[in-house]
file upload.pdb (PDB, C-alpha atoms, pLDDT in the B column)
ATOM      1  CA  MET A   1      -6.207 -18.815 -12.669  1.00 42.00           C
ATOM      2  CA  GLU A   2      -6.796 -22.519 -12.930  1.00 41.00           C
ATOM      3  CA  LYS A   3     -10.450 -23.423 -13.109  1.00 44.00           C
ATOM      4  CA  SER A   4      -9.793 -26.637 -11.154  1.00 45.00           C
ATOM      5  CA  LYS A   5      -9.199 -24.482  -8.068  1.00 65.00           C
ATOM      6  CA  GLN A   6     -12.534 -22.694  -8.391  1.00 79.00           C
ATOM      7  CA  SER A   7     -15.638 -24.431  -7.165  1.00 87.00           C
ATOM      8  CA  GLU A   8     -19.056 -23.334  -8.367  1.00 90.00           C
ATOM      9  CA  GLU A   9     -19.797 -22.164  -4.841  1.00 90.00           C
ATOM     10  CA  ASP A  10     -16.643 -20.017  -4.768  1.00 92.00           C
ATOM     11  CA  ILE A  11     -17.483 -18.451  -8.140  1.00 92.00           C
ATOM     12  CA  LEU A  12     -21.042 -17.585  -7.077  1.00 92.00           C
ATOM     13  CA  LYS A  13     -19.653 -16.118  -3.846  1.00 92.00           C
ATOM     14  CA  LEU A  14     -17.351 -13.943  -5.953  1.00 92.00           C
ATOM     15  CA  GLY A  15     -20.392 -12.915  -8.010  1.00 90.00           C
ATOM     16  CA  LYS A  16     -22.138 -11.618  -4.889  1.00 89.00           C
ATOM     17  CA  LYS A  17     -18.995  -9.685  -4.028  1.00 89.00           C
ATOM     18  CA  LEU A  18     -18.880  -8.111  -7.497  1.00 87.00           C
ATOM     19  CA  ILE A  19     -22.543  -7.130  -7.275  1.00 86.00           C
ATOM     20  CA  SER A  20     -21.971  -5.397  -3.941  1.00 84.00           C
ATOM     21  CA  GLU A  21     -18.926  -3.578  -5.373  1.00 82.00           C
ATOM     22  CA  LEU A  22     -20.711  -2.569  -8.594  1.00 79.00           C
ATOM     23  CA  LYS A  23     -23.791  -1.210  -6.850  1.00 71.00           C
ATOM     24  CA  LEU A  24     -22.842   2.449  -7.099  1.00 53.00           C
ATOM     25  CA  ASP A  25     -25.917   4.662  -6.966  1.00 50.00           C
ATOM     26  CA  ASP A  26     -24.075   7.625  -8.468  1.00 54.00           C
ATOM     27  CA  THR A  27     -22.160   5.765 -11.179  1.00 56.00           C
ATOM     28  CA  VAL A  28     -22.484   7.074 -14.716  1.00 58.00           C
ATOM     29  CA  ASN A  29     -21.032   3.859 -16.117  1.00 66.00           C
ATOM     30  CA  THR A  30     -23.985   2.477 -18.078  1.00 74.00           C
ATOM     31  CA  LEU A  31     -22.244  -0.826 -18.788  1.00 73.00           C
ATOM     32  CA  ALA A  32     -21.497  -1.311 -15.089  1.00 70.00           C
ATOM     33  CA  ARG A  33     -25.137  -0.648 -14.225  1.00 75.00           C
ATOM     34  CA  TRP A  34     -26.305  -3.164 -16.826  1.00 81.00           C
ATOM     35  CA  MET A  35     -23.853  -5.823 -15.678  1.00 79.00           C
ATOM     36  CA  THR A  36     -24.873  -5.330 -12.056  1.00 79.00           C
ATOM     37  CA  HIS A  37     -28.573  -5.749 -12.818  1.00 85.00           C
ATOM     38  CA  TYR A  38     -28.055  -8.671 -15.184  1.00 87.00           C
ATOM     39  CA  LEU A  39     -25.796 -10.573 -12.791  1.00 88.00           C
ATOM     40  CA  ALA A  40     -28.157  -9.879  -9.875  1.00 88.00           C
ATOM     41  CA  GLU A  41     -31.133 -11.133 -11.921  1.00 90.00           C
ATOM     42  CA  LEU A  42     -29.272 -14.314 -12.869  1.00 89.00           C
ATOM     43  CA  MET A  43     -28.357 -15.059  -9.269  1.00 89.00           C
ATOM     44  CA  CYS A  44     -31.909 -14.318  -8.144  1.00 90.00           C
ATOM     45  CA  SER A  45     -33.252 -16.718 -10.788  1.00 91.00           C
ATOM     46  CA  ILE A  46     -30.991 -19.458  -9.445  1.00 90.00           C
ATOM     47  CA  GLU A  47     -32.589 -19.068  -6.015  1.00 88.00           C
ATOM     48  CA  THR A  48     -36.195 -18.956  -7.268  1.00 90.00           C
ATOM     49  CA  THR A  49     -36.288 -21.502 -10.068  1.00 89.00           C
ATOM     50  CA  GLU A  50     -37.800 -24.877  -9.134  1.00 86.00           C
ATOM     51  CA  SER A  51     -36.492 -26.827 -12.116  1.00 90.00           C
ATOM     52  CA  GLU A  52     -33.195 -28.526 -11.306  1.00 90.00           C
ATOM     53  CA  THR A  53     -32.310 -28.576 -15.015  1.00 91.00           C
ATOM     54  CA  ASP A  54     -32.910 -24.834 -15.324  1.00 90.00           C
ATOM     55  CA  LYS A  55     -30.991 -24.227 -12.085  1.00 90.00           C
ATOM     56  CA  ILE A  56     -27.942 -26.075 -13.460  1.00 91.00           C
ATOM     57  CA  GLU A  57     -28.039 -24.078 -16.697  1.00 92.00           C
ATOM     58  CA  LEU A  58     -28.484 -20.773 -14.855  1.00 92.00           C
ATOM     59  CA  LYS A  59     -25.553 -21.547 -12.549  1.00 92.00           C
ATOM     60  CA  LYS A  60     -23.388 -22.383 -15.548  1.00 92.00           C
ATOM     61  CA  GLU A  61     -24.321 -19.138 -17.330  1.00 91.00           C
ATOM     62  CA  CYS A  62     -23.866 -17.138 -14.129  1.00 92.00           C
ATOM     63  CA  CYS A  63     -20.448 -18.654 -13.380  1.00 93.00           C
ATOM     64  CA  ASN A  64     -19.242 -17.980 -16.927  1.00 91.00           C
ATOM     65  CA  LEU A  65     -20.320 -14.343 -16.653  1.00 89.00           C
ATOM     66  CA  ILE A  66     -18.646 -13.924 -13.260  1.00 91.00           C
ATOM     67  CA  ILE A  67     -15.347 -15.349 -14.580  1.00 91.00           C
ATOM     68  CA  GLU A  68     -15.548 -13.055 -17.630  1.00 87.00           C
ATOM     69  CA  LEU A  69     -16.166 -10.035 -15.394  1.00 87.00           C
ATOM     70  CA  TRP A  70     -13.283 -10.999 -13.103  1.00 89.00           C
ATOM     71  CA  GLN A  71     -10.940 -11.255 -16.070  1.00 86.00           C
ATOM     72  CA  ILE A  72     -11.693  -7.623 -16.985  1.00 84.00           C
ATOM     73  CA  ARG A  73     -11.824  -6.368 -13.376  1.00 84.00           C
ATOM     74  CA  ASP A  74      -9.261  -3.657 -14.133  1.00 81.00           C
ATOM     75  CA  ARG A  75     -11.904  -1.947 -16.281  1.00 79.00           C
ATOM     76  CA  LEU A  76     -14.681  -2.252 -13.709  1.00 78.00           C
ATOM     77  CA  PRO A  77     -15.544   0.635 -11.340  1.00 79.00           C
ATOM     78  CA  ILE A  78     -14.808  -1.418  -8.227  1.00 81.00           C
ATOM     79  CA  GLN A  79     -12.196  -1.286  -5.491  1.00 79.00           C
ATOM     80  CA  LYS A  80      -9.822  -4.055  -6.498  1.00 79.00           C
ATOM     81  CA  PRO A  81      -7.152  -5.884  -4.485  1.00 81.00           C
ATOM     82  CA  LEU A  82      -4.221  -3.598  -3.559  1.00 81.00           C
ATOM     83  CA  ASP A  83      -6.020  -0.396  -4.660  1.00 80.00           C
ATOM     84  CA  ASN A  84      -5.714   1.017  -1.129  1.00 75.00           C
ATOM     85  CA  ALA A  85      -2.020   0.156  -1.007  1.00 76.00           C
ATOM     86  CA  HIS A  86      -1.198   2.152  -4.155  1.00 75.00           C
ATOM     87  CA  GLU A  87       0.462   5.067  -2.326  1.00 72.00           C
ATOM     88  CA  PHE A  88       2.560   2.751  -0.182  1.00 74.00           C
ATOM     89  CA  LEU A  89       3.702   0.696  -3.171  1.00 75.00           C
ATOM     90  CA  GLU A  90       4.737   3.938  -4.902  1.00 74.00           C
ATOM     91  CA  ILE A  91       6.830   4.840  -1.843  1.00 68.00           C
ATOM     92  CA  LEU A  92       8.557   1.451  -2.048  1.00 70.00           C
ATOM     93  CA  ARG A  93       9.314   2.043  -5.732  1.00 70.00           C
ATOM     94  CA  VAL A  94      10.923   5.395  -4.901  1.00 67.00           C
ATOM     95  CA  LEU A  95      13.034   3.873  -2.129  1.00 62.00           C
ATOM     96  CA  LYS A  96      14.067   1.002  -4.370  1.00 63.00           C
ATOM     97  CA  LYS A  97      15.070   3.480  -7.082  1.00 57.00           C
ATOM     98  CA  GLU A  98      17.188   5.443  -4.601  1.00 53.00           C
ATOM     99  CA  GLU A  99      18.818   2.223  -3.432  1.00 50.00           C
ATOM    100  CA  LYS A 100      19.863   1.410  -6.993  1.00 48.00           C
ATOM    101  CA  SER A 101      21.289   4.910  -7.455  1.00 45.00           C
ATOM    102  CA  ALA A 102      23.360   4.579  -4.285  1.00 46.00           C
ATOM    103  CA  SER A 103      24.967   1.380  -5.591  1.00 44.00           C
ATOM    104  CA  MET A 104      26.517   3.431  -8.447  1.00 39.00           C
ATOM    105  CA  MET A 105      28.846   5.274  -6.051  1.00 42.00           C
ATOM    106  CA  PRO A 106      32.624   4.601  -6.400  1.00 44.00           C
ATOM    107  CA  ARG A 107      33.904   1.568  -4.525  1.00 45.00           C
ATOM    108  CA  TRP A 108      36.391   3.641  -2.506  1.00 35.00           C
ATOM    109  CA  VAL A 109      33.467   5.299  -0.759  1.00 41.00           C
ATOM    110  CA  GLU A 110      32.814   2.001   1.007  1.00 43.00           C
ATOM    111  CA  TYR A 111      36.068   2.018   2.958  1.00 40.00           C
ATOM    112  CA  ARG A 112      37.163   5.652   3.045  1.00 45.00           C
ATOM    113  CA  THR A 113      36.532   6.931   6.576  1.00 45.00           C
ATOM    114  CA  VAL A 114      35.427  10.419   7.530  1.00 47.00           C
ATOM    115  CA  PRO A 115      36.459  11.821  10.938  1.00 50.00           C
ATOM    116  CA  ARG A 116      33.529  11.707  13.351  1.00 53.00           C
ATOM    117  CA  ASP A 117      34.183  15.323  14.303  1.00 62.00           C
ATOM    118  CA  SER A 118      33.791  16.425  10.694  1.00 73.00           C
ATOM    119  CA  PRO A 119      30.983  19.004  10.257  1.00 80.00           C
ATOM    120  CA  TRP A 120      29.964  17.308   7.029  1.00 81.00           C
ATOM    121  CA  SER A 121      29.849  13.955   8.788  1.00 80.00           C
ATOM    122  CA  SER A 122      27.574  15.388  11.475  1.00 81.00           C
ATOM    123  CA  PHE A 123      25.339  16.968   8.846  1.00 85.00           C
ATOM    124  CA  VAL A 124      25.015  13.762   6.804  1.00 85.00           C
ATOM    125  CA  GLU A 125      24.376  11.730   9.952  1.00 84.00           C
ATOM    126  CA  LYS A 126      21.562  14.070  11.008  1.00 87.00           C
ATOM    127  CA  VAL A 127      19.984  14.018   7.533  1.00 88.00           C
ATOM    128  CA  LYS A 128      20.244  10.220   7.369  1.00 86.00           C
ATOM    129  CA  HIS A 129      18.739   9.752  10.833  1.00 87.00           C
ATOM    130  CA  ASN A 130      15.879  12.205  10.286  1.00 89.00           C
ATOM    131  CA  SER A 131      15.180  11.026   6.734  1.00 88.00           C
ATOM    132  CA  GLU A 132      14.803   7.446   7.954  1.00 85.00           C
ATOM    133  CA  LYS A 133      12.252   8.635  10.503  1.00 87.00           C
ATOM    134  CA  ILE A 134      10.383  10.566   7.812  1.00 88.00           C
ATOM    135  CA  PHE A 135      10.313   7.476   5.567  1.00 83.00           C
ATOM    136  CA  TYR A 136       8.906   5.421   8.452  1.00 82.00           C
ATOM    137  CA  ARG A 137       6.195   7.986   9.172  1.00 84.00           C
ATOM    138  CA  ALA A 138       5.265   8.058   5.474  1.00 83.00           C
ATOM    139  CA  ILE A 139       4.940   4.276   5.586  1.00 78.00           C
ATOM    140  CA  GLU A 140       2.781   4.416   8.724  1.00 76.00           C
ATOM    141  CA  VAL A 141       0.417   6.948   7.137  1.00 77.00           C
ATOM    142  CA  ASN A 142       0.036   4.988   3.920  1.00 77.00           C
ATOM    143  CA  LEU A 143      -0.025   1.498   5.359  1.00 76.00           C
ATOM    144  CA  ASN A 144      -2.077   0.524   8.395  1.00 68.00           C
ATOM    145  CA  ASN A 145      -4.657  -2.053   9.391  1.00 68.00           C
ATOM    146  CA  GLU A 146      -7.580   0.140   8.312  1.00 70.00           C
ATOM    147  CA  LEU A 147      -6.219   0.551   4.771  1.00 72.00           C
ATOM    148  CA  LEU A 148      -5.728  -3.213   4.496  1.00 82.00           C
ATOM    149  CA  ILE A 149      -9.270  -4.192   5.531  1.00 84.00           C
ATOM    150  CA  LYS A 150     -10.500  -4.385   1.943  1.00 82.00           C
ATOM    151  CA  ASP A 151      -7.443  -6.281   0.723  1.00 87.00           C
ATOM    152  CA  ASN A 152      -7.809  -8.799   3.550  1.00 87.00           C
ATOM    153  CA  GLU A 153     -11.450  -9.311   2.586  1.00 87.00           C
ATOM    154  CA  TRP A 154     -10.302 -10.311  -0.897  1.00 87.00           C
ATOM    155  CA  LEU A 155      -7.566 -12.543   0.565  1.00 88.00           C
ATOM    156  CA  ASN A 156      -9.768 -14.266   3.147  1.00 89.00           C
ATOM    157  CA  GLU A 157     -12.963 -14.635   1.133  1.00 90.00           C
ATOM    158  CA  HIS A 158     -11.808 -14.921  -2.509  1.00 91.00           C
ATOM    159  CA  LYS A 159      -8.228 -16.183  -2.275  1.00 88.00           C
ATOM    160  CA  GLU A 160      -8.745 -18.605  -5.182  1.00 88.00           C
ATOM    161  CA  PHE A 161      -9.257 -15.707  -7.597  1.00 90.00           C
ATOM    162  CA  LEU A 162      -6.153 -13.713  -6.661  1.00 89.00           C
ATOM    163  CA  SER A 163      -2.865 -14.168  -8.439  1.00 85.00           C
ATOM    164  CA  ASP A 164       0.075 -15.586  -6.464  1.00 86.00           C
ATOM    165  CA  GLU A 165       1.692 -12.147  -6.650  1.00 84.00           C
ATOM    166  CA  GLU A 166      -1.389 -10.400  -5.223  1.00 86.00           C
ATOM    167  CA  LYS A 167      -1.600 -12.893  -2.347  1.00 87.00           C
ATOM    168  CA  GLU A 168       2.100 -12.568  -1.585  1.00 84.00           C
ATOM    169  CA  ILE A 169       1.986  -8.754  -1.600  1.00 85.00           C
ATOM    170  CA  ILE A 170      -1.073  -8.564   0.676  1.00 85.00           C
ATOM    171  CA  GLN A 171       0.466 -11.015   3.149  1.00 84.00           C
ATOM    172  CA  HIS A 172       3.726  -9.055   3.077  1.00 80.00           C
ATOM    173  CA  LEU A 173       1.909  -5.747   3.626  1.00 81.00           C
ATOM    174  CA  ASN A 174       0.102  -7.246   6.617  1.00 81.00           C
ATOM    175  CA  THR A 175       3.474  -8.111   8.127  1.00 79.00           C
ATOM    176  CA  ILE A 176       4.892  -4.635   7.474  1.00 75.00           C
ATOM    177  CA  SER A 177       1.797  -2.980   8.975  1.00 75.00           C
ATOM    178  CA  LYS A 178       2.582  -4.683  12.308  1.00 74.00           C
ATOM    179  CA  ILE A 179       6.149  -3.395  12.512  1.00 68.00           C
ATOM    180  CA  ASP A 180       6.989  -0.960  15.277  1.00 63.00           C
ATOM    181  CA  PHE A 181       9.337   1.285  13.285  1.00 58.00           C
ATOM    182  CA  SER A 182      10.631   2.960  16.435  1.00 55.00           C
ATOM    183  CA  SER A 183      12.224  -0.317  17.500  1.00 52.00           C
ATOM    184  CA  GLY A 184      12.207  -2.330  14.278  1.00 46.00           C
ATOM    185  CA  VAL A 185      10.395  -5.151  16.072  1.00 42.00           C
ATOM    186  CA  ILE A 186       7.241  -6.889  14.891  1.00 42.00           C
ATOM    187  CA  ASP A 187       4.757  -7.232  17.735  1.00 45.00           C
ATOM    188  CA  LEU A 188       1.889  -9.396  16.563  1.00 40.00           C
ATOM    189  CA  ASP A 189       0.121  -9.266  19.952  1.00 45.00           C
ATOM    190  CA  ASP A 190       0.349  -5.520  20.521  1.00 48.00           C
ATOM    191  CA  GLU A 191      -3.090  -4.495  21.809  1.00 48.00           C
ATOM    192  CA  SER A 192      -2.378  -0.833  20.950  1.00 50.00           C
ATOM    193  CA  ASN A 193      -2.775  -1.746  17.271  1.00 47.00           C
ATOM    194  CA  LYS A 194      -6.405  -2.586  17.973  1.00 44.00           C
ATOM    195  CA  LYS A 195      -7.313   0.686  19.688  1.00 50.00           C
ATOM    196  CA  GLU A 196      -9.388   3.196  17.809  1.00 53.00           C
ATOM    197  CA  VAL A 197      -7.414   6.298  16.881  1.00 56.00           C
ATOM    198  CA  ASN A 198      -8.834   9.543  15.565  1.00 72.00           C
ATOM    199  CA  PRO A 199      -7.448   9.677  11.965  1.00 71.00           C
ATOM    200  CA  GLU A 200      -7.232  13.489  11.991  1.00 81.00           C
ATOM    201  CA  GLU A 201      -5.333  13.559  15.291  1.00 82.00           C
ATOM    202  CA  ARG A 202      -3.041  10.795  14.108  1.00 77.00           C
ATOM    203  CA  LEU A 203      -2.217  12.661  10.896  1.00 83.00           C
ATOM    204  CA  LYS A 204      -1.675  15.889  12.809  1.00 87.00           C
ATOM    205  CA  VAL A 205       0.905  14.256  15.074  1.00 86.00           C
ATOM    206  CA  VAL A 206       2.681  12.575  12.150  1.00 86.00           C
ATOM    207  CA  PHE A 207       2.925  15.767  10.065  1.00 90.00           C
ATOM    208  CA  GLU A 208       4.078  17.806  13.060  1.00 91.00           C
ATOM    209  CA  GLU A 209       6.832  15.279  13.696  1.00 90.00           C
ATOM    210  CA  MET A 210       7.938  15.297  10.043  1.00 91.00           C
ATOM    211  CA  GLU A 211       7.977  19.110  10.007  1.00 94.00           C
ATOM    212  CA  LYS A 212      10.114  19.101  13.158  1.00 93.00           C
ATOM    213  CA  LEU A 213      12.552  16.602  11.608  1.00 93.00           C
ATOM    214  CA  ILE A 214      12.884  18.708   8.445  1.00 94.00           C
ATOM    215  CA  GLU A 215      13.430  21.856  10.519  1.00 94.00           C
ATOM    216  CA  GLU A 216      16.219  20.074  12.379  1.00 92.00           C
ATOM    217  CA  GLU A 217      17.870  19.205   9.061  1.00 92.00           C
ATOM    218  CA  LYS A 218      17.539  22.804   7.889  1.00 93.00           C
ATOM    219  CA  LYS A 219      19.093  24.075  11.120  1.00 92.00           C
ATOM    220  CA  VAL A 220      22.107  21.765  10.820  1.00 91.00           C
ATOM    221  CA  LEU A 221      22.520  22.823   7.173  1.00 92.00           C
ATOM    222  CA  LYS A 222      22.274  26.489   8.140  1.00 92.00           C
ATOM    223  CA  ASP A 223      24.904  26.030  10.873  1.00 90.00           C
ATOM    224  CA  LEU A 224      27.180  24.212   8.438  1.00 89.00           C
ATOM    225  CA  LYS A 225      26.797  26.971   5.862  1.00 91.00           C
ATOM    226  CA  LYS A 226      27.457  29.669   8.468  1.00 90.00           C
ATOM    227  CA  MET A 227      30.591  27.911   9.681  1.00 88.00           C
ATOM    228  CA  PHE A 228      32.056  27.528   6.187  1.00 84.00           C
ATOM    229  CA  PHE A 229      31.446  31.126   5.184  1.00 87.00           C
ATOM    230  CA  LYS A 230      32.985  32.284   8.451  1.00 86.00           C
ATOM    231  CA  SER A 231      36.006  30.083   7.753  1.00 82.00           C
ATOM    232  CA  LEU A 232      36.390  31.623   4.271  1.00 83.00           C
ATOM    233  CA  ARG A 233      36.179  35.162   5.649  1.00 83.00           C
ATOM    234  CA  ASP A 234      38.762  34.359   8.316  1.00 80.00           C
ATOM    235  CA  LYS A 235      41.169  33.036   5.673  1.00 78.00           C
ATOM    236  CA  ASN A 236      40.812  36.199   3.610  1.00 77.00           C
ATOM    237  CA  LYS A 237      41.617  38.525   6.464  1.00 70.00           C
TER     238      LYS A 237
END
call {"tool": "encode", "arguments": {"input": "upload.pdb", "output": "structure tokens"}}
result
Amino acid sequence: MEKSKQSEEDILKLGKKLISELKLDDTVNTLARWMTHYLAELMCSIETTESETDKIELKKECCNLIIELWQIRDRLPIQKPLDNAHEFLEILRVLKKEEKSASMMPRWVEYRTVPRDSPWSSFVEKVKHNSEKIFYRAIEVNLNNELLIKDNEWLNEHKEFLSDEEKEIIQHLNTISKIDFSSGVIDLDDESNKKEVNPEERLKVVFEEMEKLIEEEKKVLKDLKKMFFKSLRDKNK
């Protein structure tokens, strides 16, 4: 972070944010409690002191403390930018890993065709189709507008204190959260995104759909297995 981008007003605003995040009534973190009280007292003194000289000194001390706290934010018991997106980012890492593994397949696989009436082709097609749907549902569960509320607060109110990477990721996640995975189209004006949905009902529907997709895959696998064993028995007759 470049200090030239941070005004005193922005730093004090960040301080208020940190105080609100650190105010955990049930925290057992003694250092966090002390920092919360000390920072709150400093900011209160700035508001109450009548001496302009003292006010300037208090603001300087307060701003220095806020910057120091922000630099060690990973060790503070607060919800930091991208904390809510952790599960989704892990899903992306898994998918990226699988993508790299797929690139290690022999080159001939790229142009060798498989008859469309092949049982194996039908099985792989079903697994691919259903797995894509399952991936999309996993993304929808772990990335939605509600989960991004906190991250957008950081982006909109304290953008100057986020790294370029953090800002880029949050903006990218906002875009992904607006994708209609059933059509692959981004609808920024879709009013349905703004409707309140019962989280439990939403999860129930998603899990039921994923279970159905997996059962379909199992059925196709079972049929494939049955057909091959029947073929072997017929050959041995």
call {"tool": "resolve_selection", "arguments": {"input": "upload.pdb", "expression": "the PyMOL selection byres ((chain A and resi 171) around 12)", "output": "list in words"}}
result
Pro81, Leu82, Leu148, Asp151, Asn152, Trp154, Leu155, Asn156, Lys159, Asp164, Glu165, Glu166, Lys167, Glu168, Ile169, Ile170, His172, Leu173, Asn174, Thr175, Ile176, Ser177 and Lys178 of chain A
call {"tool": "atom_distance", "arguments": {"input": "upload.pdb", "atom1": "atom CA of Lys60 of chain A", "atom2": "atom CA of Lys80 of chain A"}}
result
24.5 Å
call {"tool": "resolve_selection", "arguments": {"input": "upload.pdb", "expression": "the PyMOL selection byres ((chain A and resi 210) around 12)", "output": "JSON, numbers by chain"}}
result
{"A": [130, 131, 132, 133, 134, 135, 136, 137, 138, 141, 203, 204, 205, 206, 207, 208, 209, 211, 212, 213, 214, 215, 216, 217]}
call {"tool": "resolve_selection", "arguments": {"input": "upload.pdb", "expression": "the PyMOL selection byres ((chain A and resi 223-228) around 12)", "output": "list in words"}}
result
Ser118, Pro119, Trp120, Ser121, Ser122, Phe123, Val124, Lys126, Glu216, Glu217, Lys218, Lys219, Val220, Leu221, Lys222, Phe229, Lys230, Ser231, Leu232, Arg233, Asp234 and Lys235 of chain A
call {"tool": "closest_residue", "arguments": {"input": "upload.pdb", "among": "A:Glu125, A:Asn142, A:Ile67, A:Ile56", "to": "Phe88 of chain A", "atoms": "only C-alpha atoms"}}
result
A:Asn142
call {"tool": "atom_distance", "arguments": {"input": "upload.pdb", "atom1": "atom CA of Ser20 of chain A", "atom2": "atom CA of Glu200 of chain A"}}
result
28.8 Å
call {"tool": "residues_around", "arguments": {"input": "upload.pdb", "residues": "segment 10-14 of chain A", "least_positions_apart": "5", "cutoff": "9 Å", "atoms": "all atoms listed in the file", "output": "tab-separated table (two decimals) with C-alpha atoms, keeping the file's coordinate frame"}}
result
chain	number	residue	atom	x	y	z
A	19	ILE	CA	-22.54	-7.13	-7.28
A	43	MET	CA	-28.36	-15.06	-9.27
A	59	LYS	CA	-25.55	-21.55	-12.55
A	62	CYS	CA	-23.87	-17.14	-14.13
A	63	CYS	CA	-20.45	-18.65	-13.38
A	64	ASN	CA	-19.24	-17.98	-16.93
A	66	ILE	CA	-18.65	-13.92	-13.26
A	67	ILE	CA	-15.35	-15.35	-14.58
A	70	TRP	CA	-13.28	-11.00	-13.10
A	157	GLU	CA	-12.96	-14.64	1.13
A	158	HIS	CA	-11.81	-14.92	-2.51
A	160	GLU	CA	-8.74	-18.60	-5.18
A	161	PHE	CA	-9.26	-15.71	-7.60
call {"tool": "atom_distance", "arguments": {"input": "upload.pdb", "atom1": "atom CA of Lys150 of chain A", "atom2": "atom CA of Ile46 of chain A"}}
result
27.9 Å
